[in-house]
There are 2 protein chains.
Amino acid sequence: MTWCIGKLIKVTEKLQTKKKEILRAAREVFAENSYQGTSIKAIAKKAKIATGTFYLYFTNKDALINMIVEEMFHELLDYIKRERANYTDGFDKLQASMEACIKLFIQEKNMAKILLVQVPGVNNAFNVKLIEIENELIKLTKEDLDELKSQGRIPDEDTFITALAFVGSFRQVIINWLRQGKPENLEEVCTTLMKYNLRGMGKSDVSC
Amino acid sequence: MTWCIGKLIKVTEKLQTKKKEILRAAREVFAENSYQGTSIKAIAKKAKIATGTFYLYFTNKDALINMIVEEMFHELLDYIKRERANYTDGFDKLQASMEACIKLFIQEKNMAKILLVQVPGVNNAFNVKLIEIENELIKLTKEDLDELKSQGRIPDEDTFITALAFVGSFRQVIINWLRQGKPENLEEVCTTLMKYNLRGMGKSDVSC
DNA sequence: GAATAAAATGAATGATTATTCATTTTATTC
DNA sequence: GAATAAAATGAATAATCATTCATTTTATTC
C-alpha cells in the first residue's frame, strides 16, 4: 500500500462522520429516556448500526454520555460568550446571556432536555460536569453583577445569591416549558422574565 | 383464638412501625444514591431486615419510591399551608411559604435531596408526582400574586411567569446548597432572596 | 480478481439486581 | 409446652443490558 496522506485524512474523516452520527442518534434517544433507560441497543438502532459497532467508536456508555455533555457544555457556553461579546454594559451582557441561552434551547430542545431534565438525576461523573456548566454560567452572571455593583448601579447585596436567583428563575421557566409545554412561547416571556430580574437586582438606571 | 380487637390493633401497629422503619431507611439510602443506584438489598441492610422481608411490606421498588415521594408531597405542602394560614396579606403569605419550605428542607435535608436532586432524572411515574408537587407550590404562589395584582400592589404582568421565577430562584439556591454547600447558611440568605423577589414582582408598598 | 486489511455484525457472555419461594424462626393460642 | 399461625430469611430465579468476540461483509491494494 502506498503511503498517501490524502487517503488517510479521508478515512479518519469518515470515522468522524460515523462517530458524529452515533452522537446525534444518542442525543435523540437520551433526550427521551433517562440515562439508565437509554440502552446501547436503542442508540445503535437509531444510528442504523449493530450494537457491536458502537464499541468501535466509544469505549463504553459512560464515555458516550460524557462526550455528549461535554459537547453541549461547549456549544452552550461558546454561544453565550459570543453573544455577550457584542455588549459592554453589564445589564446588556446579562440580557444577552439569557437570550442566547433561550434561543439555543428553543433551537436544540434535546440539549435542553438532556442538560436540564435527564442528566441531573444521575449521580456520577456527568453530574460533576453538569455542575461545572452551571457554575460557569453563574460565574459569568456574578461577574456582570459585581461590575454593576462597583458602578453603583445596583444595591450592595450578595451577588452570588443574586446570580443564583437570576439563573434559577430562567431555569424554572425553561424546565416548565420542556415538561409541560407552558409557557407556549418561551421567547415571548423572556421579556417579562428579564424585567422581573432587572427589578429584582435593583436596577436603578433611568434608561428606556 | 379469641377475637380481640386490642390485639389486632397492636399487630397492625407493629406492622406499620416496621413499614415506617423501612421507609426511613429507604429515604436515607435514596438520598445518597440515584433511584437506579438504590438497591433493595442496600435498603434492607439499612433497615436491618432480609431482602425478602422488604416484599412483605411493599409490592415492589416502584411502590416504595412512590410512597416516599407521596409522603414528602404531603409533609411539605401541609407544612407550607399551615404556615401560610397565619397570614392574610399576600406578601406575607408568599414569604411564609418560602420560609416554611426552607425551614423544612434544612431540617430534613434528605427530603430536599430526594425531591430536588434524585427524583427529577427518573423518567416515570414519580416524575409525574413530582411535577404535581411543584405545580401545587406554583399554584399557591400564583394565587397570592393574583391577589396582589387585583389589589394594585404589583404591576400588571403574567403572574404565572412571575410565580415560576419566584419558585425557581429559591429552588436554584437550595440546589446549590445541597450540591456544593454554598451558601453555607441557607436560612440567612433567605432575606436577600426574598428582597430580590419582592423587588422583582414590583412591590410598590411603602411598608417595612 | 485474488489477497489482504478494515469495518461491521449480532449472538453469546457476564454482571447486576429485582423478585420469588421453600425453609426456618418467632409468636400466639389452647 | 405442643400445635398452629405469622413473620422473616436469603439462596435461587429471572430478566435486563453492557460488553465482547468469532465470524462475515466491505473496501483496498497490487
# chains A, B, ... in the order shown; residues from 1 in each chain; ligands from 1

call {"tool": "residues_around", "arguments": {"residues": "DT17 in chain C", "least_positions_apart": "2", "cutoff": "10 Å", "atoms": "only C-alpha atoms (C1' of nucleotides)", "output": "short mmCIF file (atom, residue, chain, number, x, y, z; two decimals) with N, CA and C atoms (P, O5', C5', C4', C3', O3' and C1' of nucleotides), in the first residue's frame"}}
result
data_model
loop_
_atom_site.label_atom_id
_atom_site.label_comp_id
_atom_site.auth_asym_id
_atom_site.auth_seq_id
_atom_site.Cartn_x
_atom_site.Cartn_y
_atom_site.Cartn_z
N GLN B 36 -31.91 4.33 40.41
CA GLN B 36 -31.35 3.08 39.89
C GLN B 36 -30.19 2.61 40.76
N SER B 39 -30.37 -0.06 45.70
CA SER B 39 -30.83 -1.45 45.61
C SER B 39 -31.65 -1.81 46.83
N ILE B 40 -32.57 -2.74 46.60
CA ILE B 40 -33.41 -3.21 47.71
C ILE B 40 -32.53 -3.82 48.80
N LYS B 41 -31.47 -4.47 48.36
CA LYS B 41 -30.54 -5.08 49.31
C LYS B 41 -29.96 -4.02 50.25
P DA C 15 -18.40 -11.57 35.36
"O5'" DA C 15 -18.87 -10.17 35.93
"C5'" DA C 15 -19.08 -9.06 35.04
"C4'" DA C 15 -20.31 -8.30 35.48
"C3'" DA C 15 -20.64 -8.44 36.97
"O3'" DA C 15 -20.73 -7.14 37.52
"C1'" DA C 15 -22.57 -8.87 35.66
P DT C 19 -39.22 -5.29 41.78
"O5'" DT C 19 -39.38 -6.86 42.06
"C5'" DT C 19 -39.53 -7.72 40.93
"C4'" DT C 19 -39.47 -9.17 41.37
"C3'" DT C 19 -40.44 -9.56 42.50
"O3'" DT C 19 -41.35 -10.50 41.95
"C1'" DT C 19 -38.32 -10.56 42.79
P DA D 15 -38.12 -14.24 32.95
"O5'" DA D 15 -38.00 -12.67 32.73
"C5'" DA D 15 -38.10 -11.79 33.85
"C4'" DA D 15 -37.14 -10.65 33.66
"C3'" DA D 15 -36.84 -10.33 32.20
"O3'" DA D 15 -37.12 -8.96 31.98
"C1'" DA D 15 -34.83 -10.52 33.44
P DT D 16 -36.93 -8.33 30.53
"O5'" DT D 16 -35.76 -7.29 30.82
"C5'" DT D 16 -35.62 -6.72 32.12
"C4'" DT D 16 -34.28 -6.05 32.22
"C3'" DT D 16 -33.81 -5.44 30.89
"O3'" DT D 16 -33.36 -4.13 31.16
"C1'" DT D 16 -32.12 -6.83 31.79
#

call {"tool": "calpha_fit_and_write", "arguments": {"fixed": "chain A", "moving": "chain B", "output": "PDB file with C-alpha atoms, in the first residue's frame"}}
result
ATOM      1  CA  MET B   1       0.101   0.270   0.109  1.00  0.00           C
ATOM      2  CA  THR B   2       1.447   3.616  -0.932  1.00  0.00           C
ATOM      3  CA  TRP B   3       1.530   6.171   1.781  1.00  0.00           C
ATOM      4  CA  CYS B   4      -1.000   8.815   0.990  1.00  0.00           C
ATOM      5  CA  ILE B   5      -1.895  11.617   3.355  1.00  0.00           C
ATOM      6  CA  GLY B   6      -5.003  12.517   1.407  1.00  0.00           C
ATOM      7  CA  LYS B   7      -6.474   9.102   1.841  1.00  0.00           C
ATOM      8  CA  LEU B   8      -5.612   8.972   5.515  1.00  0.00           C
ATOM      9  CA  ILE B   9      -7.462  12.199   6.088  1.00  0.00           C
ATOM     10  CA  LYS B  10     -10.452  10.883   4.186  1.00  0.00           C
ATOM     11  CA  VAL B  11     -10.549   7.720   6.302  1.00  0.00           C
ATOM     12  CA  THR B  12     -10.401   9.549   9.619  1.00  0.00           C
ATOM     13  CA  GLU B  13     -13.012  11.964   8.333  1.00  0.00           C
ATOM     14  CA  LYS B  14     -15.307   9.059   7.594  1.00  0.00           C
ATOM     15  CA  LEU B  15     -14.705   7.681  11.059  1.00  0.00           C
ATOM     16  CA  GLN B  16     -15.512  11.047  12.560  1.00  0.00           C
ATOM     17  CA  THR B  17     -18.648  11.273  10.475  1.00  0.00           C
ATOM     18  CA  LYS B  18     -19.873   7.964  11.839  1.00  0.00           C
ATOM     19  CA  LYS B  19     -18.985   8.954  15.369  1.00  0.00           C
ATOM     20  CA  LYS B  20     -20.952  12.139  14.913  1.00  0.00           C
ATOM     21  CA  GLU B  21     -23.884  10.160  13.578  1.00  0.00           C
ATOM     22  CA  ILE B  22     -23.855   7.976  16.669  1.00  0.00           C
ATOM     23  CA  LEU B  23     -23.694  11.049  18.881  1.00  0.00           C
ATOM     24  CA  ARG B  24     -26.599  12.578  17.035  1.00  0.00           C
ATOM     25  CA  ALA B  25     -28.683   9.434  17.461  1.00  0.00           C
ATOM     26  CA  ALA B  26     -27.697   9.099  21.102  1.00  0.00           C
ATOM     27  CA  ARG B  27     -28.788  12.661  21.833  1.00  0.00           C
ATOM     28  CA  GLU B  28     -32.219  11.899  20.437  1.00  0.00           C
ATOM     29  CA  VAL B  29     -32.661   8.702  22.426  1.00  0.00           C
ATOM     30  CA  PHE B  30     -31.179  10.175  25.563  1.00  0.00           C
ATOM     31  CA  ALA B  31     -33.417  13.221  25.427  1.00  0.00           C
ATOM     32  CA  GLU B  32     -36.495  11.003  25.517  1.00  0.00           C
ATOM     33  CA  ASN B  33     -35.304   8.446  28.080  1.00  0.00           C
ATOM     34  CA  SER B  34     -33.286   8.697  31.251  1.00  0.00           C
ATOM     35  CA  TYR B  35     -29.653   7.642  31.331  1.00  0.00           C
ATOM     36  CA  GLN B  36     -30.466   4.171  32.652  1.00  0.00           C
ATOM     37  CA  GLY B  37     -33.432   3.944  30.334  1.00  0.00           C
ATOM     38  CA  THR B  38     -31.247   4.554  27.305  1.00  0.00           C
ATOM     39  CA  SER B  39     -29.840   1.276  25.966  1.00  0.00           C
ATOM     40  CA  ILE B  40     -26.934   0.955  23.592  1.00  0.00           C
ATOM     41  CA  LYS B  41     -29.177  -1.234  21.470  1.00  0.00           C
ATOM     42  CA  ALA B  42     -31.671   1.601  21.088  1.00  0.00           C
ATOM     43  CA  ILE B  43     -28.950   4.064  20.189  1.00  0.00           C
ATOM     44  CA  ALA B  44     -27.448   1.622  17.698  1.00  0.00           C
ATOM     45  CA  LYS B  45     -30.851   1.083  16.123  1.00  0.00           C
ATOM     46  CA  LYS B  46     -31.416   4.805  15.715  1.00  0.00           C
ATOM     47  CA  ALA B  47     -27.916   5.220  14.281  1.00  0.00           C
ATOM     48  CA  LYS B  48     -28.546   2.248  11.969  1.00  0.00           C
ATOM     49  CA  ILE B  49     -25.593   0.235  13.153  1.00  0.00           C
ATOM     50  CA  ALA B  50     -25.163  -3.030  15.056  1.00  0.00           C
ATOM     51  CA  THR B  51     -24.744  -2.830  18.803  1.00  0.00           C
ATOM     52  CA  GLY B  52     -21.198  -4.117  18.521  1.00  0.00           C
ATOM     53  CA  THR B  53     -20.282  -1.352  16.119  1.00  0.00           C
ATOM     54  CA  PHE B  54     -20.974   1.177  18.832  1.00  0.00           C
ATOM     55  CA  TYR B  55     -17.945  -0.092  20.714  1.00  0.00           C
ATOM     56  CA  LEU B  56     -15.665   0.637  17.778  1.00  0.00           C
ATOM     57  CA  TYR B  57     -16.341   4.319  18.336  1.00  0.00           C
ATOM     58  CA  PHE B  58     -16.842   4.606  22.084  1.00  0.00           C
ATOM     59  CA  THR B  59     -15.164   2.733  24.890  1.00  0.00           C
ATOM     60  CA  ASN B  60     -18.445   2.432  26.773  1.00  0.00           C
ATOM     61  CA  LYS B  61     -21.777   4.002  27.583  1.00  0.00           C
ATOM     62  CA  ASP B  62     -20.310   6.394  30.127  1.00  0.00           C
ATOM     63  CA  ALA B  63     -17.783   7.711  27.618  1.00  0.00           C
ATOM     64  CA  LEU B  64     -20.624   8.446  25.230  1.00  0.00           C
ATOM     65  CA  ILE B  65     -22.725  10.371  27.712  1.00  0.00           C
ATOM     66  CA  ASN B  66     -19.639  12.158  28.890  1.00  0.00           C
ATOM     67  CA  MET B  67     -18.906  13.291  25.371  1.00  0.00           C
ATOM     68  CA  ILE B  68     -22.489  14.389  24.823  1.00  0.00           C
ATOM     69  CA  VAL B  69     -22.495  16.509  27.965  1.00  0.00           C
ATOM     70  CA  GLU B  70     -19.057  17.890  27.164  1.00  0.00           C
ATOM     71  CA  GLU B  71     -20.130  18.827  23.645  1.00  0.00           C
ATOM     72  CA  MET B  72     -23.208  20.564  24.929  1.00  0.00           C
ATOM     73  CA  PHE B  73     -21.126  22.312  27.530  1.00  0.00           C
ATOM     74  CA  HIS B  74     -19.081  23.938  24.803  1.00  0.00           C
ATOM     75  CA  GLU B  75     -21.932  24.581  22.393  1.00  0.00           C
ATOM     76  CA  LEU B  76     -23.854  26.417  25.076  1.00  0.00           C
ATOM     77  CA  LEU B  77     -21.078  28.401  26.691  1.00  0.00           C
ATOM     78  CA  ASP B  78     -19.355  29.299  23.437  1.00  0.00           C
ATOM     79  CA  TYR B  79     -22.617  30.579  22.053  1.00  0.00           C
ATOM     80  CA  ILE B  80     -23.349  32.613  25.156  1.00  0.00           C
ATOM     81  CA  LYS B  81     -19.859  34.099  25.244  1.00  0.00           C
ATOM     82  CA  ARG B  82     -20.038  34.992  21.571  1.00  0.00           C
ATOM     83  CA  GLU B  83     -23.339  36.789  22.058  1.00  0.00           C
ATOM     84  CA  ARG B  84     -22.110  38.589  25.159  1.00  0.00           C
ATOM     85  CA  ALA B  85     -19.089  39.842  23.306  1.00  0.00           C
ATOM     86  CA  ASN B  86     -21.333  42.252  21.398  1.00  0.00           C
ATOM     87  CA  TYR B  87     -22.002  44.257  24.525  1.00  0.00           C
ATOM     88  CA  THR B  88     -20.058  46.166  27.142  1.00  0.00           C
ATOM     89  CA  ASP B  89     -22.809  47.316  29.467  1.00  0.00           C
ATOM     90  CA  GLY B  90     -23.435  44.972  32.401  1.00  0.00           C
ATOM     91  CA  PHE B  91     -27.203  44.846  31.992  1.00  0.00           C
ATOM     92  CA  ASP B  92     -26.866  44.259  28.281  1.00  0.00           C
ATOM     93  CA  LYS B  93     -24.438  41.417  28.872  1.00  0.00           C
ATOM     94  CA  LEU B  94     -26.823  39.783  31.323  1.00  0.00           C
ATOM     95  CA  GLN B  95     -29.669  40.091  28.881  1.00  0.00           C
ATOM     96  CA  ALA B  96     -27.571  38.787  26.001  1.00  0.00           C
ATOM     97  CA  SER B  97     -26.547  35.733  28.046  1.00  0.00           C
ATOM     98  CA  MET B  98     -30.077  34.742  28.813  1.00  0.00           C
ATOM     99  CA  GLU B  99     -31.412  35.478  25.365  1.00  0.00           C
ATOM    100  CA  ALA B 100     -28.643  33.348  23.877  1.00  0.00           C
ATOM    101  CA  CYS B 101     -29.409  30.537  26.284  1.00  0.00           C
ATOM    102  CA  ILE B 102     -33.094  30.563  25.472  1.00  0.00           C
ATOM    103  CA  LYS B 103     -32.544  30.889  21.744  1.00  0.00           C
ATOM    104  CA  LEU B 104     -30.252  27.869  21.740  1.00  0.00           C
ATOM    105  CA  PHE B 105     -32.582  25.773  23.880  1.00  0.00           C
ATOM    106  CA  ILE B 106     -35.510  26.527  21.587  1.00  0.00           C
ATOM    107  CA  GLN B 107     -33.396  25.589  18.596  1.00  0.00           C
ATOM    108  CA  GLU B 108     -31.975  22.472  20.233  1.00  0.00           C
ATOM    109  CA  LYS B 109     -34.691  21.242  22.511  1.00  0.00           C
ATOM    110  CA  ASN B 110     -32.915  17.924  23.009  1.00  0.00           C
ATOM    111  CA  MET B 111     -29.963  19.736  24.504  1.00  0.00           C
ATOM    112  CA  ALA B 112     -32.229  21.467  26.970  1.00  0.00           C
ATOM    113  CA  LYS B 113     -33.926  18.205  27.870  1.00  0.00           C
ATOM    114  CA  ILE B 114     -30.657  16.418  28.455  1.00  0.00           C
ATOM    115  CA  LEU B 115     -28.974  19.201  30.399  1.00  0.00           C
ATOM    116  CA  LEU B 116     -31.951  20.265  32.474  1.00  0.00           C
ATOM    117  CA  VAL B 117     -34.093  17.171  32.836  1.00  0.00           C
ATOM    118  CA  GLN B 118     -32.268  13.927  32.112  1.00  0.00           C
ATOM    119  CA  VAL B 119     -28.745  14.235  33.446  1.00  0.00           C
ATOM    120  CA  PRO B 120     -29.372  15.909  36.818  1.00  0.00           C
ATOM    121  CA  GLY B 121     -30.679  12.727  38.459  1.00  0.00           C
ATOM    122  CA  VAL B 122     -27.725  10.574  37.466  1.00  0.00           C
ATOM    123  CA  ASN B 123     -25.346  10.631  40.376  1.00  0.00           C
ATOM    124  CA  ASN B 124     -21.916  10.248  38.902  1.00  0.00           C
ATOM    125  CA  ALA B 125     -19.291  11.881  36.762  1.00  0.00           C
ATOM    126  CA  PHE B 126     -21.745  13.644  34.437  1.00  0.00           C
ATOM    127  CA  ASN B 127     -23.272  15.455  37.274  1.00  0.00           C
ATOM    128  CA  VAL B 128     -19.908  16.903  38.125  1.00  0.00           C
ATOM    129  CA  LYS B 129     -19.648  18.084  34.543  1.00  0.00           C
ATOM    130  CA  LEU B 130     -23.136  19.477  34.654  1.00  0.00           C
ATOM    131  CA  ILE B 131     -22.405  21.400  37.796  1.00  0.00           C
ATOM    132  CA  GLU B 132     -19.368  22.789  36.006  1.00  0.00           C
ATOM    133  CA  ILE B 133     -21.542  24.211  33.226  1.00  0.00           C
ATOM    134  CA  GLU B 134     -23.928  25.748  35.669  1.00  0.00           C
ATOM    135  CA  ASN B 135     -21.140  27.180  37.759  1.00  0.00           C
ATOM    136  CA  GLU B 136     -19.633  28.740  34.682  1.00  0.00           C
ATOM    137  CA  LEU B 137     -22.933  30.380  33.811  1.00  0.00           C
ATOM    138  CA  ILE B 138     -23.387  31.578  37.369  1.00  0.00           C
ATOM    139  CA  LYS B 139     -19.827  32.895  37.387  1.00  0.00           C
ATOM    140  CA  LEU B 140     -20.453  34.940  34.249  1.00  0.00           C
ATOM    141  CA  THR B 141     -23.623  36.306  35.779  1.00  0.00           C
ATOM    142  CA  LYS B 142     -21.873  37.133  39.014  1.00  0.00           C
ATOM    143  CA  GLU B 143     -19.110  38.988  37.153  1.00  0.00           C
ATOM    144  CA  ASP B 144     -21.655  41.191  35.446  1.00  0.00           C
ATOM    145  CA  LEU B 145     -23.379  41.851  38.735  1.00  0.00           C
ATOM    146  CA  ASP B 146     -20.115  42.708  40.479  1.00  0.00           C
ATOM    147  CA  GLU B 147     -19.334  45.140  37.706  1.00  0.00           C
ATOM    148  CA  LEU B 148     -22.745  46.770  38.050  1.00  0.00           C
ATOM    149  CA  LYS B 149     -22.355  46.900  41.803  1.00  0.00           C
ATOM    150  CA  SER B 150     -18.979  48.613  41.563  1.00  0.00           C
ATOM    151  CA  GLN B 151     -20.567  51.159  39.240  1.00  0.00           C
ATOM    152  CA  GLY B 152     -23.244  51.821  41.842  1.00  0.00           C
ATOM    153  CA  ARG B 153     -25.981  50.772  39.462  1.00  0.00           C
ATOM    154  CA  ILE B 154     -27.366  48.051  41.681  1.00  0.00           C
ATOM    155  CA  PRO B 155     -27.577  48.005  45.482  1.00  0.00           C
ATOM    156  CA  ASP B 156     -24.930  46.385  47.648  1.00  0.00           C
ATOM    157  CA  GLU B 157     -26.138  42.806  48.076  1.00  0.00           C
ATOM    158  CA  ASP B 158     -24.636  39.326  47.840  1.00  0.00           C
ATOM    159  CA  THR B 159     -24.065  39.018  44.090  1.00  0.00           C
ATOM    160  CA  PHE B 160     -23.597  35.264  44.316  1.00  0.00           C
ATOM    161  CA  ILE B 161     -27.113  34.824  45.641  1.00  0.00           C
ATOM    162  CA  THR B 162     -28.409  37.306  43.103  1.00  0.00           C
ATOM    163  CA  ALA B 163     -26.692  35.373  40.324  1.00  0.00           C
ATOM    164  CA  LEU B 164     -28.260  32.128  41.538  1.00  0.00           C
ATOM    165  CA  ALA B 165     -31.679  33.743  41.681  1.00  0.00           C
ATOM    166  CA  PHE B 166     -31.269  35.145  38.187  1.00  0.00           C
ATOM    167  CA  VAL B 167     -30.196  31.836  36.657  1.00  0.00           C
ATOM    168  CA  GLY B 168     -32.734  29.882  38.721  1.00  0.00           C
ATOM    169  CA  SER B 169     -35.690  31.920  37.561  1.00  0.00           C
ATOM    170  CA  PHE B 170     -34.840  31.275  33.925  1.00  0.00           C
ATOM    171  CA  ARG B 171     -34.122  27.626  34.572  1.00  0.00           C
ATOM    172  CA  GLN B 172     -37.508  27.097  36.198  1.00  0.00           C
ATOM    173  CA  VAL B 173     -39.360  28.670  33.316  1.00  0.00           C
ATOM    174  CA  ILE B 174     -37.415  26.627  30.788  1.00  0.00           C
ATOM    175  CA  ILE B 175     -37.971  23.379  32.688  1.00  0.00           C
ATOM    176  CA  ASN B 176     -41.678  24.082  32.899  1.00  0.00           C
ATOM    177  CA  TRP B 177     -41.704  24.709  29.182  1.00  0.00           C
ATOM    178  CA  LEU B 178     -39.915  21.416  28.518  1.00  0.00           C
ATOM    179  CA  ARG B 179     -42.037  19.332  30.838  1.00  0.00           C
ATOM    180  CA  GLN B 180     -45.469  20.829  30.445  1.00  0.00           C
ATOM    181  CA  GLY B 181     -45.317  22.989  27.358  1.00  0.00           C
ATOM    182  CA  LYS B 182     -46.184  26.079  29.368  1.00  0.00           C
ATOM    183  CA  PRO B 183     -45.453  28.868  28.576  1.00  0.00           C
ATOM    184  CA  GLU B 184     -46.120  27.996  24.954  1.00  0.00           C
ATOM    185  CA  ASN B 185     -43.955  30.765  23.598  1.00  0.00           C
ATOM    186  CA  LEU B 186     -40.750  30.753  25.545  1.00  0.00           C
ATOM    187  CA  GLU B 187     -39.127  33.577  23.658  1.00  0.00           C
ATOM    188  CA  GLU B 188     -42.053  35.872  24.337  1.00  0.00           C
ATOM    189  CA  VAL B 189     -41.973  35.511  28.124  1.00  0.00           C
ATOM    190  CA  CYS B 190     -38.268  36.266  28.105  1.00  0.00           C
ATOM    191  CA  THR B 191     -39.109  39.955  28.324  1.00  0.00           C
ATOM    192  CA  THR B 192     -41.304  39.549  31.404  1.00  0.00           C
ATOM    193  CA  LEU B 193     -38.665  37.386  33.007  1.00  0.00           C
ATOM    194  CA  MET B 194     -35.875  39.802  32.229  1.00  0.00           C
ATOM    195  CA  LYS B 195     -37.883  42.695  33.647  1.00  0.00           C
ATOM    196  CA  TYR B 196     -38.555  40.670  36.777  1.00  0.00           C
ATOM    197  CA  ASN B 197     -34.883  40.031  37.292  1.00  0.00           C
ATOM    198  CA  LEU B 198     -33.741  43.546  36.481  1.00  0.00           C
ATOM    199  CA  ARG B 199     -36.151  44.870  39.066  1.00  0.00           C
ATOM    200  CA  GLY B 200     -35.024  42.103  41.376  1.00  0.00           C
ATOM    201  CA  MET B 201     -31.395  43.072  41.234  1.00  0.00           C
ATOM    202  CA  GLY B 202     -32.449  46.638  41.839  1.00  0.00           C
ATOM    203  CA  LYS B 203     -31.696  48.312  38.542  1.00  0.00           C
ATOM    204  CA  SER B 204     -31.740  51.999  39.302  1.00  0.00           C
ATOM    205  CA  ASP B 205     -30.934  53.341  35.852  1.00  0.00           C
ATOM    206  CA  VAL B 206     -33.383  55.708  34.214  1.00  0.00           C
ATOM    207  CA  SER B 207     -32.795  54.204  30.796  1.00  0.00           C
ATOM    208  CA  CYS B 208     -35.351  52.366  28.633  1.00  0.00           C
TER     209      CYS B 208
END

call {"tool": "interface_residues", "arguments": {"of": "chain D", "to": "chain B", "cutoff": "7 Å", "atoms": "only C-alpha atoms (C1' of nucleotides)", "output": "number ranges by chain"}}
result
D: 8-10

call {"tool": "closest_atom_pairs", "arguments": {"of": "chain C", "to": "chain A", "cutoff": "12 Å", "atoms": "only C-alpha atoms (C1' of nucleotides)", "output": "tab-separated table"}}
result
residue	atom	partner	partner_atom	distance
C:DT4	C1'	A:Met1	CA	10.3
C:DA5	C1'	A:Met1	CA	10.4
C:DA6	C1'	A:Val11	CA	10.5
C:DA7	C1'	A:Thr53	CA	8.4
C:DA8	C1'	A:Thr53	CA	6.1
C:DT9	C1'	A:Ala50	CA	6.1
C:DG10	C1'	A:Ala50	CA	6.9
C:DA11	C1'	A:Gly52	CA	10.6

call {"tool": "write_last_selection", "arguments": {"atoms": "N, CA, C and O atoms (P, O5', C5', C4', C3', O3' and C1' of nucleotides)", "output": "mmCIF file, in the first residue's frame"}}
result
data_model
loop_
_atom_site.group_PDB
_atom_site.id
_atom_site.type_symbol
_atom_site.label_atom_id
_atom_site.label_comp_id
_atom_site.auth_asym_id
_atom_site.auth_seq_id
_atom_site.Cartn_x
_atom_site.Cartn_y
_atom_site.Cartn_z
ATOM 1 P P DT C 4 -2.314 -12.910 1.081
ATOM 2 O "O5'" DT C 4 -2.787 -11.570 1.774
ATOM 3 C "C5'" DT C 4 -2.208 -10.324 1.361
ATOM 4 C "C4'" DT C 4 -2.992 -9.187 1.981
ATOM 5 C "C3'" DT C 4 -3.216 -9.318 3.491
ATOM 6 O "O3'" DT C 4 -2.526 -8.259 4.138
ATOM 7 C "C1'" DT C 4 -5.195 -8.609 2.366
ATOM 8 P P DA C 5 -2.550 -8.077 5.703
ATOM 9 O "O5'" DA C 5 -3.591 -6.885 5.826
ATOM 10 C "C5'" DA C 5 -3.481 -5.770 4.937
ATOM 11 C "C4'" DA C 5 -4.648 -4.825 5.178
ATOM 12 C "C3'" DA C 5 -4.944 -4.570 6.660
ATOM 13 O "O3'" DA C 5 -5.183 -3.180 6.805
ATOM 14 C "C1'" DA C 5 -6.887 -5.371 5.588
ATOM 15 P P DA C 6 -5.430 -2.569 8.244
ATOM 16 O "O5'" DA C 6 -6.963 -2.172 8.103
ATOM 17 C "C5'" DA C 6 -7.403 -1.458 6.944
ATOM 18 C "C4'" DA C 6 -8.899 -1.211 7.033
ATOM 19 C "C3'" DA C 6 -9.383 -0.771 8.410
ATOM 20 O "O3'" DA C 6 -10.344 0.257 8.196
ATOM 21 C "C1'" DA C 6 -10.537 -2.735 7.764
ATOM 22 P P DA C 7 -10.979 1.086 9.393
ATOM 23 O "O5'" DA C 7 -12.521 0.763 9.246
ATOM 24 C "C5'" DA C 7 -12.911 -0.420 8.625
ATOM 25 C "C4'" DA C 7 -14.392 -0.474 8.424
ATOM 26 C "C3'" DA C 7 -15.230 -0.032 9.616
ATOM 27 O "O3'" DA C 7 -16.488 0.420 9.100
ATOM 28 C "C1'" DA C 7 -15.320 -2.414 9.390
ATOM 29 P P DA C 8 -17.716 0.776 10.053
ATOM 30 O "O5'" DA C 8 -18.437 -0.631 10.134
ATOM 31 C "C5'" DA C 8 -18.947 -1.209 8.936
ATOM 32 C "C4'" DA C 8 -19.708 -2.468 9.267
ATOM 33 C "C3'" DA C 8 -20.718 -2.311 10.406
ATOM 34 O "O3'" DA C 8 -21.967 -2.780 9.935
ATOM 35 C "C1'" DA C 8 -19.327 -4.205 10.778
ATOM 36 P P DT C 9 -23.246 -2.776 10.898
ATOM 37 O "O5'" DT C 9 -23.289 -4.285 11.364
ATOM 38 C "C5'" DT C 9 -23.478 -5.310 10.385
ATOM 39 C "C4'" DT C 9 -23.378 -6.664 11.050
ATOM 40 C "C3'" DT C 9 -24.359 -6.849 12.204
ATOM 41 O "O3'" DT C 9 -25.359 -7.759 11.810
ATOM 42 C "C1'" DT C 9 -22.175 -7.732 12.697
ATOM 43 P P DG C 10 -26.863 -7.513 12.289
ATOM 44 O "O5'" DG C 10 -27.011 -8.639 13.387
ATOM 45 C "C5'" DG C 10 -26.510 -9.952 13.130
ATOM 46 C "C4'" DG C 10 -26.234 -10.645 14.456
ATOM 47 C "C3'" DG C 10 -27.262 -10.340 15.561
ATOM 48 O "O3'" DG C 10 -27.406 -11.491 16.379
ATOM 49 C "C1'" DG C 10 -25.164 -9.774 16.328
ATOM 50 P P DA C 11 -28.710 -12.314 16.405
ATOM 51 O "O5'" DA C 11 -28.234 -13.720 17.003
ATOM 52 C "C5'" DA C 11 -27.292 -14.509 16.279
ATOM 53 C "C4'" DA C 11 -26.220 -15.044 17.223
ATOM 54 C "C3'" DA C 11 -26.767 -15.656 18.520
ATOM 55 O "O3'" DA C 11 -25.979 -16.796 18.833
ATOM 56 C "C1'" DA C 11 -25.304 -13.883 19.060
#

call {"tool": "atom_distance", "arguments": {"atom1": "C1' of DG1 in chain D", "atom2": "C1' of DA22 in chain C"}}
result
27.0 Å

call {"tool": "atom_distance", "arguments": {"atom1": "C1' of DG1 in chain C", "atom2": "C1' of DT24 in chain D"}}
result
19.7 Å
